[in-house]
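Engineer: Got a file for you: coords-v1.csv, CSV, C-alpha atoms.
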chain,number,residue,atom,x,y,z
A,1,MET,CA,-23.9,11.1,7.3
A,2,ALA,CA,-25.3,7.6,7.4
A,3,TYR,CA,-26.6,4.9,5.2
A,4,GLU,CA,-29.9,3.1,5.9
A,5,VAL,CA,-30.1,-0.5,4.9
A,6,ASN,CA,-32.7,-3.0,6.0
A,7,GLY,CA,-33.7,-0.8,8.9
A,8,LYS,CA,-30.1,-0.5,10.1
A,9,SER,CA,-28.0,2.7,10.1
A,10,PHE,CA,-24.4,2.8,9.0
A,11,GLU,CA,-22.3,5.9,9.8
A,12,SER,CA,-20.2,7.4,7.1
A,13,ASP,CA,-17.9,10.5,6.8
A,14,GLU,CA,-19.0,13.6,4.9
A,15,GLU,CA,-17.8,12.1,1.6
A,16,GLY,CA,-19.7,8.8,2.1
A,17,TYR,CA,-16.9,6.6,3.2
A,18,LEU,CA,-18.0,4.1,5.9
A,19,ILE,CA,-16.7,4.7,9.4
A,20,ASP,CA,-16.7,1.1,10.7
A,21,ILE,CA,-15.1,-1.2,8.1
A,22,ALA,CA,-16.3,-4.2,10.0
A,23,SER,CA,-20.0,-3.2,9.7
A,24,TRP,CA,-19.9,-3.6,5.9
A,25,ASN,CA,-22.1,-6.0,4.0
A,26,GLU,CA,-23.2,-6.6,0.4
A,27,ASP,CA,-26.5,-4.9,0.7
A,28,LEU,CA,-24.8,-1.8,2.0
A,29,ALA,CA,-22.3,-2.0,-0.8
A,30,GLY,CA,-25.2,-2.1,-3.3
A,31,LEU,CA,-26.7,1.0,-1.8
A,32,ILE,CA,-23.3,2.9,-1.9
A,33,ALA,CA,-22.9,1.8,-5.5
A,34,LYS,CA,-26.4,3.2,-6.3
A,35,ASP,CA,-25.4,6.6,-4.8
A,36,GLU,CA,-22.3,6.4,-7.1
A,37,GLU,CA,-24.5,5.6,-10.1
A,38,ILE,CA,-22.9,2.2,-10.6
A,39,ASP,CA,-24.8,-1.0,-11.5
A,40,MET,CA,-22.9,-3.7,-9.7
A,41,THR,CA,-22.0,-6.6,-12.1
A,42,GLU,CA,-19.8,-9.7,-11.5
A,43,GLU,CA,-16.8,-7.6,-12.7
A,44,HIS,CA,-17.5,-4.8,-10.2
A,45,TRP,CA,-17.7,-7.4,-7.3
A,46,GLU,CA,-14.4,-8.9,-8.4
A,47,VAL,CA,-12.6,-5.6,-7.9
A,48,VAL,CA,-14.5,-4.7,-4.7
A,49,ASN,CA,-13.8,-8.1,-3.1
A,50,PHE,CA,-10.2,-7.9,-4.2
A,51,LEU,CA,-9.9,-4.5,-2.4
A,52,ARG,CA,-11.4,-5.9,0.8
A,53,GLU,CA,-8.9,-8.8,0.8
A,54,TYR,CA,-6.0,-6.5,0.1
A,55,TYR,CA,-7.0,-4.2,2.9
A,56,ASN,CA,-7.5,-7.0,5.2
A,57,GLU,CA,-4.0,-8.3,4.5
A,58,TYR,CA,-2.0,-5.0,4.4
A,59,GLN,CA,-4.2,-2.5,6.3
A,60,ILE,CA,-4.1,0.0,3.5
A,61,ALA,CA,-5.8,0.4,0.1
A,62,PRO,CA,-3.6,-0.2,-2.9
A,63,ALA,CA,-2.4,2.6,-5.2
A,64,VAL,CA,-4.0,2.4,-8.7
A,65,ARG,CA,-0.8,1.0,-10.2
A,66,VAL,CA,-0.8,-1.8,-7.6
A,67,LEU,CA,-4.4,-2.5,-8.2
A,68,VAL,CA,-4.0,-2.8,-12.0
A,69,LYS,CA,-1.0,-5.1,-11.5
A,70,ALA,CA,-2.8,-7.2,-8.9
A,71,VAL,CA,-6.0,-7.5,-11.0
A,72,LYS,CA,-3.9,-8.5,-14.0
A,73,LYS,CA,-2.3,-11.2,-11.9
A,74,LYS,CA,-5.5,-12.5,-10.4
A,75,LEU,CA,-8.2,-11.9,-13.1
A,76,GLY,CA,-6.2,-12.0,-16.3
A,77,ALA,CA,-4.3,-9.6,-18.7
A,78,GLU,CA,-7.5,-8.2,-20.4
A,79,LYS,CA,-8.8,-7.0,-17.0
A,80,GLY,CA,-5.4,-5.7,-15.8
A,81,SER,CA,-5.5,-2.2,-17.4
A,82,ASN,CA,-6.3,1.3,-16.3
A,83,LYS,CA,-8.9,1.4,-19.1
A,84,TYR,CA,-10.8,-1.6,-17.8
A,85,LEU,CA,-10.9,-0.4,-14.3
A,86,TYR,CA,-12.0,3.1,-15.3
A,87,GLU,CA,-14.8,1.7,-17.4
A,88,LEU,CA,-16.1,-0.1,-14.3
A,89,PHE,CA,-15.5,2.9,-12.0
A,90,PRO,CA,-15.6,6.1,-14.1
A,91,TYR,CA,-14.8,8.4,-11.2
A,92,GLY,CA,-11.6,6.6,-10.3
A,93,PRO,CA,-11.3,2.9,-9.4
A,94,ALA,CA,-9.6,3.4,-6.1
A,95,LYS,CA,-11.9,6.1,-4.9
A,96,GLN,CA,-15.2,4.6,-6.0
A,97,ALA,CA,-14.4,1.0,-5.5
A,98,CYS,CA,-12.9,1.7,-2.0
A,99,LYS,CA,-16.1,3.5,-1.1
A,100,ILE,CA,-18.3,0.7,-2.2
A,101,ALA,CA,-16.0,-1.8,-0.5
A,102,GLY,CA,-16.4,0.1,2.8
A,103,LEU,CA,-12.8,1.1,3.1
A,104,PRO,CA,-11.4,4.5,4.1
A,105,LYS,CA,-10.7,7.1,1.4
A,106,PRO,CA,-7.3,6.2,-0.2
A,107,THR,CA,-4.5,8.7,0.3
A,108,GLY,CA,-2.2,10.0,-2.4
A,109,CYS,CA,-2.5,10.1,-6.1
A,110,VAL,CA,-5.3,7.7,-7.0
B,1,MET,CA,-15.5,12.0,-25.2
B,2,SER,CA,-13.5,11.4,-28.3
B,3,ASP,CA,-12.6,8.0,-29.6
B,4,THR,CA,-8.9,8.9,-29.7
B,5,GLU,CA,-6.8,6.6,-27.6
B,6,ILE,CA,-4.4,8.7,-25.5
B,7,GLU,CA,-0.9,7.2,-25.1
B,8,PHE,CA,1.0,8.2,-22.1
B,9,ASP,CA,4.7,8.3,-22.0
B,10,THR,CA,5.4,6.3,-18.9
B,11,ALA,CA,9.2,5.8,-19.4
B,12,GLY,CA,10.4,8.2,-16.8
B,13,ILE,CA,13.6,8.9,-14.9
B,14,THR,CA,14.7,6.3,-12.4
B,15,ARG,CA,16.8,7.3,-9.4
B,16,LYS,CA,18.3,5.5,-6.4
B,17,PHE,CA,16.4,6.3,-3.3
B,18,MET,CA,17.3,5.3,0.2
B,19,TYR,CA,14.8,5.5,3.0
B,20,VAL,CA,16.4,5.5,6.5
B,21,ASN,CA,14.0,4.5,9.3
B,22,ARG,CA,15.5,5.4,12.7
B,23,LYS,CA,12.5,5.8,15.0
B,24,ALA,CA,10.1,3.5,16.9
B,25,PRO,CA,6.9,2.9,15.0
B,26,TYR,CA,4.4,4.7,17.2
B,27,GLY,CA,4.7,7.9,19.3
B,28,THR,CA,5.8,10.0,16.3
B,29,ILE,CA,4.5,10.1,12.7
B,30,TYR,CA,8.0,9.5,11.1
B,31,ALA,CA,7.6,5.8,10.5
B,32,LEU,CA,4.2,6.0,8.8
B,33,GLU,CA,5.2,9.0,6.7
B,34,VAL,CA,8.4,7.2,5.5
B,35,LEU,CA,6.3,4.1,4.7
B,36,GLU,CA,3.9,6.2,2.6
B,37,ALA,CA,6.9,7.7,0.7
B,38,VAL,CA,8.2,4.2,0.0
B,39,LEU,CA,4.9,3.2,-1.4
B,40,ILE,CA,4.8,6.2,-3.7
B,41,SER,CA,8.3,5.3,-4.7
B,42,ALA,CA,6.9,1.9,-5.8
B,43,ALA,CA,4.1,3.6,-7.8
B,44,PHE,CA,6.8,5.4,-9.8
B,45,GLU,CA,9.0,2.4,-10.1
B,46,GLN,CA,12.1,3.9,-8.5
B,47,HIS,CA,15.0,2.0,-7.1
B,48,ALA,CA,14.8,1.9,-3.3
B,49,CYS,CA,16.9,0.8,-0.3
B,50,ILE,CA,14.7,0.7,2.7
B,51,VAL,CA,16.9,0.7,5.8
B,52,PHE,CA,16.0,0.2,9.5
B,53,ILE,CA,18.5,1.6,12.0
B,54,ASP,CA,18.4,2.3,15.7
B,55,ASP,CA,14.9,2.0,17.2
B,56,GLY,CA,13.6,1.9,13.5
B,57,VAL,CA,14.2,-1.8,13.6
B,58,TYR,CA,11.1,-2.1,15.9
B,59,GLN,CA,8.9,-0.9,13.0
B,60,ILE,CA,9.1,-4.3,11.4
B,61,LYS,CA,9.1,-6.4,14.6
B,62,LYS,CA,6.6,-9.2,14.7
B,63,GLY,CA,3.7,-9.3,17.2
B,64,GLN,CA,2.9,-5.6,17.4
B,65,ASP,CA,-0.2,-4.8,19.5
B,66,THR,CA,-1.4,-1.2,19.3
B,67,ALA,CA,-4.7,-1.6,21.1
B,68,ALA,CA,-3.5,0.2,24.2
B,69,VAL,CA,-2.3,3.3,22.3
B,70,ASN,CA,-5.4,3.4,20.1
B,71,MET,CA,-3.5,3.5,16.8
B,72,LYS,CA,-3.7,1.4,13.7
B,73,ASN,CA,-1.2,-1.4,13.6
B,74,PHE,CA,0.5,-0.7,10.3
B,75,SER,CA,3.2,-3.4,10.6
B,76,LYS,CA,1.2,-5.5,8.1
B,77,THR,CA,1.6,-2.8,5.5
B,78,TYR,CA,5.3,-3.5,5.3
B,79,GLY,CA,4.2,-6.7,3.5
B,80,ILE,CA,3.6,-4.5,0.5
B,81,ILE,CA,7.3,-3.6,0.4
B,82,ALA,CA,8.2,-7.2,0.5
B,83,MET,CA,5.7,-7.9,-2.3
B,84,GLU,CA,7.0,-4.9,-4.4
B,85,LYS,CA,10.5,-6.2,-4.0
B,86,GLU,CA,9.4,-9.7,-5.1
B,87,ASP,CA,7.7,-8.3,-8.2
B,88,ALA,CA,10.7,-6.2,-9.0
B,89,ASP,CA,13.0,-9.2,-8.7
B,90,GLU,CA,10.8,-11.4,-10.8
B,91,ASP,CA,9.7,-9.1,-13.6
B,92,GLU,CA,12.5,-8.8,-16.1
B,93,ASP,CA,10.8,-5.9,-17.9
B,94,MET,CA,10.8,-3.8,-14.7
B,95,ASP,CA,14.0,-1.8,-14.0
B,96,MET,CA,13.5,-1.5,-10.3
B,97,VAL,CA,15.9,-2.7,-7.7
B,98,TRP,CA,14.8,-2.9,-4.2
B,99,ARG,CA,16.6,-3.9,-1.0
B,100,ILE,CA,15.3,-4.2,2.5
B,101,ILE,CA,18.1,-3.8,5.0
B,102,VAL,CA,18.5,-3.9,8.8
B,103,GLU,CA,21.6,-2.6,10.4
B,104,LYS,CA,23.3,-5.4,12.2
B,105,GLU,CA,24.5,-3.4,15.2
B,106,SER,CA,21.1,-1.9,15.9
B,107,MET,CA,19.4,-5.3,15.6
B,108,GLU,CA,21.9,-7.0,18.0
B,109,ALA,CA,21.8,-4.2,20.5
B,110,ARG,CA,18.1,-4.8,20.9
B,111,GLY,CA,18.4,-8.6,21.2
B,112,LEU,CA,16.7,-9.2,17.9
B,113,SER,CA,17.4,-11.6,15.0
B,114,ARG,CA,16.3,-11.9,11.4
B,115,ASP,CA,13.5,-14.2,12.5
B,116,ASP,CA,11.9,-11.4,14.6
B,117,PHE,CA,10.8,-9.4,11.5
B,118,VAL,CA,7.6,-9.4,9.6
B,119,ILE,CA,9.4,-9.3,6.3
B,120,ASP,CA,12.6,-10.9,4.9
B,121,VAL,CA,15.6,-8.5,5.4
B,122,GLU,CA,19.3,-8.3,4.6
B,123,VAL,CA,21.3,-7.8,7.8
B,124,ILE,CA,24.3,-5.5,7.0
B,125,PRO,CA,26.9,-4.1,9.4
B,126,SER,CA,27.2,-0.3,9.6
B,127,ASP,CA,30.5,0.1,7.8
B,128,GLU,CA,29.1,-1.7,4.7
B,129,LEU,CA,25.9,0.2,5.0
B,130,ALA,CA,27.9,3.5,4.9
B,131,ILE,CA,29.2,2.4,1.5
B,132,ILE,CA,25.7,1.6,0.2
B,133,MET,CA,24.5,4.9,1.5
B,134,ALA,CA,27.2,6.8,-0.4
B,135,GLU,CA,26.0,5.2,-3.6
B,136,GLN,CA,22.5,6.6,-3.4
B,137,GLU,CA,21.2,9.6,-5.2
B,138,ILE,CA,18.5,10.6,-2.7
B,139,VAL,CA,18.5,9.8,1.0
B,140,ILE,CA,15.3,10.4,2.9
B,141,SER,CA,15.5,9.9,6.7
B,142,GLY,CA,12.8,9.7,9.2
Show me, as structure tokens, the structure contained in the file I just sent.

Structural biologist:
Amino acid sequence: MAYEVNGKSFESDEEGYLIDIASWNEDLAGLIAKDEEIDMTEEHWEVVNFLREYYNEYQIAPAVRVLVKAVKKKLGAEKGSNKYLYELFPYGPAKQACKIAGLPKPTGCV
Amino acid sequence: MSDTEIEFDTAGITRKFMYVNRKAPYGTIYALEVLEAVLISAAFEQHACIVFIDDGVYQIKKGQDTAAVNMKNFSKTYGIIAMEKEDADEDEDMDMVWRIIVEKESMEARGLSRDDFVIDVEVIPSDELAIIMAEQEIVISG
């Protein structure tokens, strides 16, 4: 599979996760989000950007519990809940947000 | 979807886990698998002693470069363990005790010191480590 953005092609795996993390850009993220039926708002970008920073630092995507805790720390208590994250990403914050962030599919129970 | 708020009972059972890392980071899958188990342990807020013995001490050595073996350098991921430990230490509501331990003899035999590691560790001699190990409920070795 591949995504086409601005005349450029971006390879992905069969589930739509980007192969080359480094090739990610915001236009591409917008397209992946569209496929996931998500309208990207400021709040969505906050989570996506957080995931990219986290991955960059630790080379792995966080488990949902870690994501919730970290979002709480960084963006405030009202945003640091499972409910908040699932409202933004109904099919699973880790799964969907990671895909939009161009990260590999998270392993384990997320 | 109903409007009912579902309450989950998240107060589970906490046990004392020990993870014993004995092998070099690359070449076998043991190090990465144990690391994943440790991260799951964090997700369930279990007590954990993460121990590095023998060539396992190389798992957290600074300055790893995996380009030549074409594998992901996951030494940075151990930073999550350090962060989890910090959170557990700071958060009074969280009943989760974590220790990160390097066996003194293994470290010294390889000419390493505490400053050579990517995370902050306790250095403990093997006779004391044996006592800590005996106190654990579950010991997972890799």

Engineer: Using only C-alpha atoms, which protein or nucleic acid residues come within 7 Å of B:Arg99? Drop anything in the same chain fewer than 5 positions from it, and give the result as a VMD selection string.

Structural biologist: chain B and resid 48 to 50

Engineer: Taking only residues of chain A that have an atom at most 12 Å from an atom of chain B, what is each one's shortest atom pair and its distance in Å to one decimal, using all atoms listed in the file, in chain and number order, as a Markdown table?

Structural biologist:
| residue | atom | partner | partner_atom | distance |
| --- | --- | --- | --- | --- |
| A:Tyr54 | CA | B:Ile80 | CA | 9.8 |
| A:Tyr55 | CA | B:Thr77 | CA | 9.1 |
| A:Asn56 | CA | B:Lys76 | CA | 9.3 |
| A:Glu57 | CA | B:Lys76 | CA | 6.9 |
| A:Tyr58 | CA | B:Thr77 | CA | 4.4 |
| A:Gln59 | CA | B:Thr77 | CA | 5.9 |
| A:Ile60 | CA | B:Thr77 | CA | 6.7 |
| A:Ala61 | CA | B:Thr77 | CA | 9.7 |
| A:Pro62 | CA | B:Ile80 | CA | 9.0 |
| A:Ala63 | CA | B:Ala43 | CA | 7.1 |
| A:Val64 | CA | B:Ala43 | CA | 8.2 |
| A:Arg65 | CA | B:Ala43 | CA | 6.0 |
| A:Val66 | CA | B:Ala43 | CA | 7.3 |
| A:Leu67 | CA | B:Ala43 | CA | 10.5 |
| A:Val68 | CA | B:Ala43 | CA | 11.1 |
| A:Lys69 | CA | B:Asp87 | CA | 9.8 |
| A:Ala70 | CA | B:Asp87 | CA | 10.6 |
| A:Lys73 | CA | B:Asp87 | CA | 11.0 |
| A:Asn82 | CA | B:Phe8 | CA | 11.6 |
| A:Lys83 | CA | B:Glu5 | CA | 10.2 |
| A:Pro106 | CA | B:Glu36 | CA | 11.5 |
| A:Thr107 | CA | B:Glu36 | CA | 9.1 |
| A:Gly108 | CA | B:Ile40 | CA | 8.1 |
| A:Cys109 | CA | B:Ile40 | CA | 8.6 |
| A:Val110 | CA | B:Ala43 | CA | 10.3 |

Engineer: Hey, can you pull every residue with an atom no more than 12 Å from (-15.3, 4.0, -14.0), using all atoms listed in the file, and send it as a list in words?

Structural biologist: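 I get Ala33, Glu36, Glu37, Ile38, Asp39, Met40, Glu43, His44, Val47, Asn82, Lys83, Tyr84, Leu85, Tyr86, Glu87, Leu88, Phe89, Pro90, Tyr91, Gly92, Pro93, Ala94, Lys95, Gln96 and Ala97 of chain A for the residues within 12 Å of that point.
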
Engineer: Grab the atom CA of B:Ile60 to atom CA of B:Phe117 distance for me, in Å with one decimal place.

Structural biologist: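 Atom-to-atom, atom CA of B:Ile60 and atom CA of B:Phe117 are spaced 5.4 Å apart.
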
Engineer: Applying 10 Å and all atoms listed in the file, which residues near stretch 118-132 of chain B remain after dropping the ones on its own chain fewer than 2 positions away? List them as a ChimeraX atom specification.

Structural biologist: /B:18,49-53,59-64,75-83,99-107,113-116,134-136

Engineer: How many Å separate atom CA of A:Ala29 from atom CA of A:Gly80?

Structural biologist: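 Atom-to-atom, atom CA of A:Ala29 to atom CA of A:Gly80, that is 22.9 Å.
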
Engineer: Using atom CA of A:Pro104 and atom CA of A:Trp24 as the two end points, give the distance in Å to one decimal.

Structural biologist: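 Those two atoms sit 11.9 Å apart.
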
Engineer: Hey, what's within 9 Å of B:Tyr26 if we count all atoms listed in the file and toss same-chain stuff fewer than 4 positions away? As a ChimeraX atom specification, please?

Structural biologist: /B:30-32,59,66,69,71

Engineer: Because some atoms of stretch 62-92 of chain A are absent here, can you restore N, CA and C atoms and send them as a PDB file, in the frame of the given file?

Structural biologist:
ATOM      1  N   PRO A  62      -4.725  -0.257  -1.977  1.00  0.00           N
ATOM      2  CA  PRO A  62      -3.600  -0.200  -2.900  1.00  0.00           C
ATOM      3  C   PRO A  62      -3.667   1.088  -3.776  1.00  0.00           C
ATOM      4  N   ALA A  63      -2.499   1.548  -4.231  1.00  0.00           N
ATOM      5  CA  ALA A  63      -2.400   2.600  -5.200  1.00  0.00           C
ATOM      6  C   ALA A  63      -2.977   1.996  -6.557  1.00  0.00           C
ATOM      7  N   VAL A  64      -3.415   2.860  -7.470  1.00  0.00           N
ATOM      8  CA  VAL A  64      -4.000   2.400  -8.700  1.00  0.00           C
ATOM      9  C   VAL A  64      -3.064   1.432  -9.464  1.00  0.00           C
ATOM     10  N   ARG A  65      -1.787   1.794  -9.515  1.00  0.00           N
ATOM     11  CA  ARG A  65      -0.800   1.000 -10.200  1.00  0.00           C
ATOM     12  C   ARG A  65      -0.784  -0.445  -9.658  1.00  0.00           C
ATOM     13  N   VAL A  66      -0.802  -0.494  -8.326  1.00  0.00           N
ATOM     14  CA  VAL A  66      -0.800  -1.800  -7.600  1.00  0.00           C
ATOM     15  C   VAL A  66      -2.043  -2.558  -7.917  1.00  0.00           C
ATOM     16  N   LEU A  67      -3.154  -1.826  -7.910  1.00  0.00           N
ATOM     17  CA  LEU A  67      -4.400  -2.500  -8.200  1.00  0.00           C
ATOM     18  C   LEU A  67      -4.462  -3.058  -9.594  1.00  0.00           C
ATOM     19  N   VAL A  68      -3.994  -2.285 -10.563  1.00  0.00           N
ATOM     20  CA  VAL A  68      -4.000  -2.800 -12.000  1.00  0.00           C
ATOM     21  C   VAL A  68      -3.111  -4.027 -12.059  1.00  0.00           C
ATOM     22  N   LYS A  69      -1.946  -3.964 -11.439  1.00  0.00           N
ATOM     23  CA  LYS A  69      -1.000  -5.100 -11.500  1.00  0.00           C
ATOM     24  C   LYS A  69      -1.622  -6.336 -10.833  1.00  0.00           C
ATOM     25  N   ALA A  70      -2.236  -6.102  -9.696  1.00  0.00           N
ATOM     26  CA  ALA A  70      -2.800  -7.200  -8.900  1.00  0.00           C
ATOM     27  C   ALA A  70      -3.996  -7.833  -9.648  1.00  0.00           C
ATOM     28  N   VAL A  71      -4.812  -6.975 -10.259  1.00  0.00           N
ATOM     29  CA  VAL A  71      -6.000  -7.500 -11.000  1.00  0.00           C
ATOM     30  C   VAL A  71      -5.509  -8.285 -12.202  1.00  0.00           C
ATOM     31  N   LYS A  72      -4.458  -7.807 -12.842  1.00  0.00           N
ATOM     32  CA  LYS A  72      -3.900  -8.500 -14.000  1.00  0.00           C
ATOM     33  C   LYS A  72      -3.436  -9.926 -13.554  1.00  0.00           C
ATOM     34  N   LYS A  73      -2.774  -9.984 -12.432  1.00  0.00           N
ATOM     35  CA  LYS A  73      -2.300 -11.200 -11.900  1.00  0.00           C
ATOM     36  C   LYS A  73      -3.403 -12.200 -11.579  1.00  0.00           C
ATOM     37  N   LYS A  74      -4.451 -11.646 -10.972  1.00  0.00           N
ATOM     38  CA  LYS A  74      -5.500 -12.500 -10.400  1.00  0.00           C
ATOM     39  C   LYS A  74      -6.605 -12.773 -11.433  1.00  0.00           C
ATOM     40  N   LEU A  75      -6.971 -11.780 -12.234  1.00  0.00           N
ATOM     41  CA  LEU A  75      -8.200 -11.900 -13.100  1.00  0.00           C
ATOM     42  C   LEU A  75      -7.820 -11.963 -14.573  1.00  0.00           C
ATOM     43  N   GLY A  76      -6.533 -11.898 -14.913  1.00  0.00           N
ATOM     44  CA  GLY A  76      -6.200 -12.000 -16.300  1.00  0.00           C
ATOM     45  C   GLY A  76      -5.772 -10.704 -16.962  1.00  0.00           C
ATOM     46  N   ALA A  77      -4.960 -10.807 -18.027  1.00  0.00           N
ATOM     47  CA  ALA A  77      -4.300  -9.600 -18.700  1.00  0.00           C
ATOM     48  C   ALA A  77      -5.378  -8.633 -19.198  1.00  0.00           C
ATOM     49  N   GLU A  78      -6.501  -9.160 -19.751  1.00  0.00           N
ATOM     50  CA  GLU A  78      -7.500  -8.200 -20.400  1.00  0.00           C
ATOM     51  C   GLU A  78      -8.178  -7.361 -19.343  1.00  0.00           C
ATOM     52  N   LYS A  79      -8.145  -7.791 -18.095  1.00  0.00           N
ATOM     53  CA  LYS A  79      -8.800  -7.000 -17.000  1.00  0.00           C
ATOM     54  C   LYS A  79      -7.757  -6.127 -16.294  1.00  0.00           C
ATOM     55  N   GLY A  80      -6.499  -6.401 -16.526  1.00  0.00           N
ATOM     56  CA  GLY A  80      -5.400  -5.700 -15.800  1.00  0.00           C
ATOM     57  C   GLY A  80      -4.993  -4.437 -16.550  1.00  0.00           C
ATOM     58  N   SER A  81      -5.906  -3.505 -16.748  1.00  0.00           N
ATOM     59  CA  SER A  81      -5.500  -2.200 -17.400  1.00  0.00           C
ATOM     60  C   SER A  81      -6.262  -1.103 -16.718  1.00  0.00           C
ATOM     61  N   ASN A  82      -5.663   0.080 -16.799  1.00  0.00           N
ATOM     62  CA  ASN A  82      -6.300   1.300 -16.300  1.00  0.00           C
ATOM     63  C   ASN A  82      -7.681   1.458 -16.952  1.00  0.00           C
ATOM     64  N   LYS A  83      -7.704   1.200 -18.274  1.00  0.00           N
ATOM     65  CA  LYS A  83      -8.900   1.400 -19.100  1.00  0.00           C
ATOM     66  C   LYS A  83     -10.063   0.580 -18.540  1.00  0.00           C
ATOM     67  N   TYR A  84      -9.777  -0.699 -18.340  1.00  0.00           N
ATOM     68  CA  TYR A  84     -10.800  -1.600 -17.800  1.00  0.00           C
ATOM     69  C   TYR A  84     -11.361  -1.150 -16.507  1.00  0.00           C
ATOM     70  N   LEU A  85     -10.464  -0.772 -15.600  1.00  0.00           N
ATOM     71  CA  LEU A  85     -10.900  -0.400 -14.300  1.00  0.00           C
ATOM     72  C   LEU A  85     -11.686   0.957 -14.307  1.00  0.00           C
ATOM     73  N   TYR A  86     -11.265   1.863 -15.184  1.00  0.00           N
ATOM     74  CA  TYR A  86     -12.000   3.100 -15.300  1.00  0.00           C
ATOM     75  C   TYR A  86     -13.344   2.955 -15.972  1.00  0.00           C
ATOM     76  N   GLU A  87     -13.477   1.934 -16.813  1.00  0.00           N
ATOM     77  CA  GLU A  87     -14.800   1.700 -17.400  1.00  0.00           C
ATOM     78  C   GLU A  87     -15.761   1.174 -16.332  1.00  0.00           C
ATOM     79  N   LEU A  88     -15.245   0.396 -15.404  1.00  0.00           N
ATOM     80  CA  LEU A  88     -16.100  -0.100 -14.300  1.00  0.00           C
ATOM     81  C   LEU A  88     -16.412   1.038 -13.325  1.00  0.00           C
ATOM     82  N   PHE A  89     -15.379   1.823 -12.995  1.00  0.00           N
ATOM     83  CA  PHE A  89     -15.500   2.900 -12.000  1.00  0.00           C
ATOM     84  C   PHE A  89     -15.053   4.207 -12.598  1.00  0.00           C
ATOM     85  N   PRO A  90     -15.972   4.895 -13.318  1.00  0.00           N
ATOM     86  CA  PRO A  90     -15.600   6.100 -14.100  1.00  0.00           C
ATOM     87  C   PRO A  90     -14.945   7.196 -13.311  1.00  0.00           C
ATOM     88  N   TYR A  91     -15.320   7.328 -12.038  1.00  0.00           N
ATOM     89  CA  TYR A  91     -14.800   8.400 -11.200  1.00  0.00           C
ATOM     90  C   TYR A  91     -13.528   8.018 -10.472  1.00  0.00           C
ATOM     91  N   GLY A  92     -12.869   6.994 -10.926  1.00  0.00           N
ATOM     92  CA  GLY A  92     -11.600   6.600 -10.300  1.00  0.00           C
ATOM     93  C   GLY A  92     -11.809   5.246  -9.573  1.00  0.00           C
TER      94      GLY A  92
END
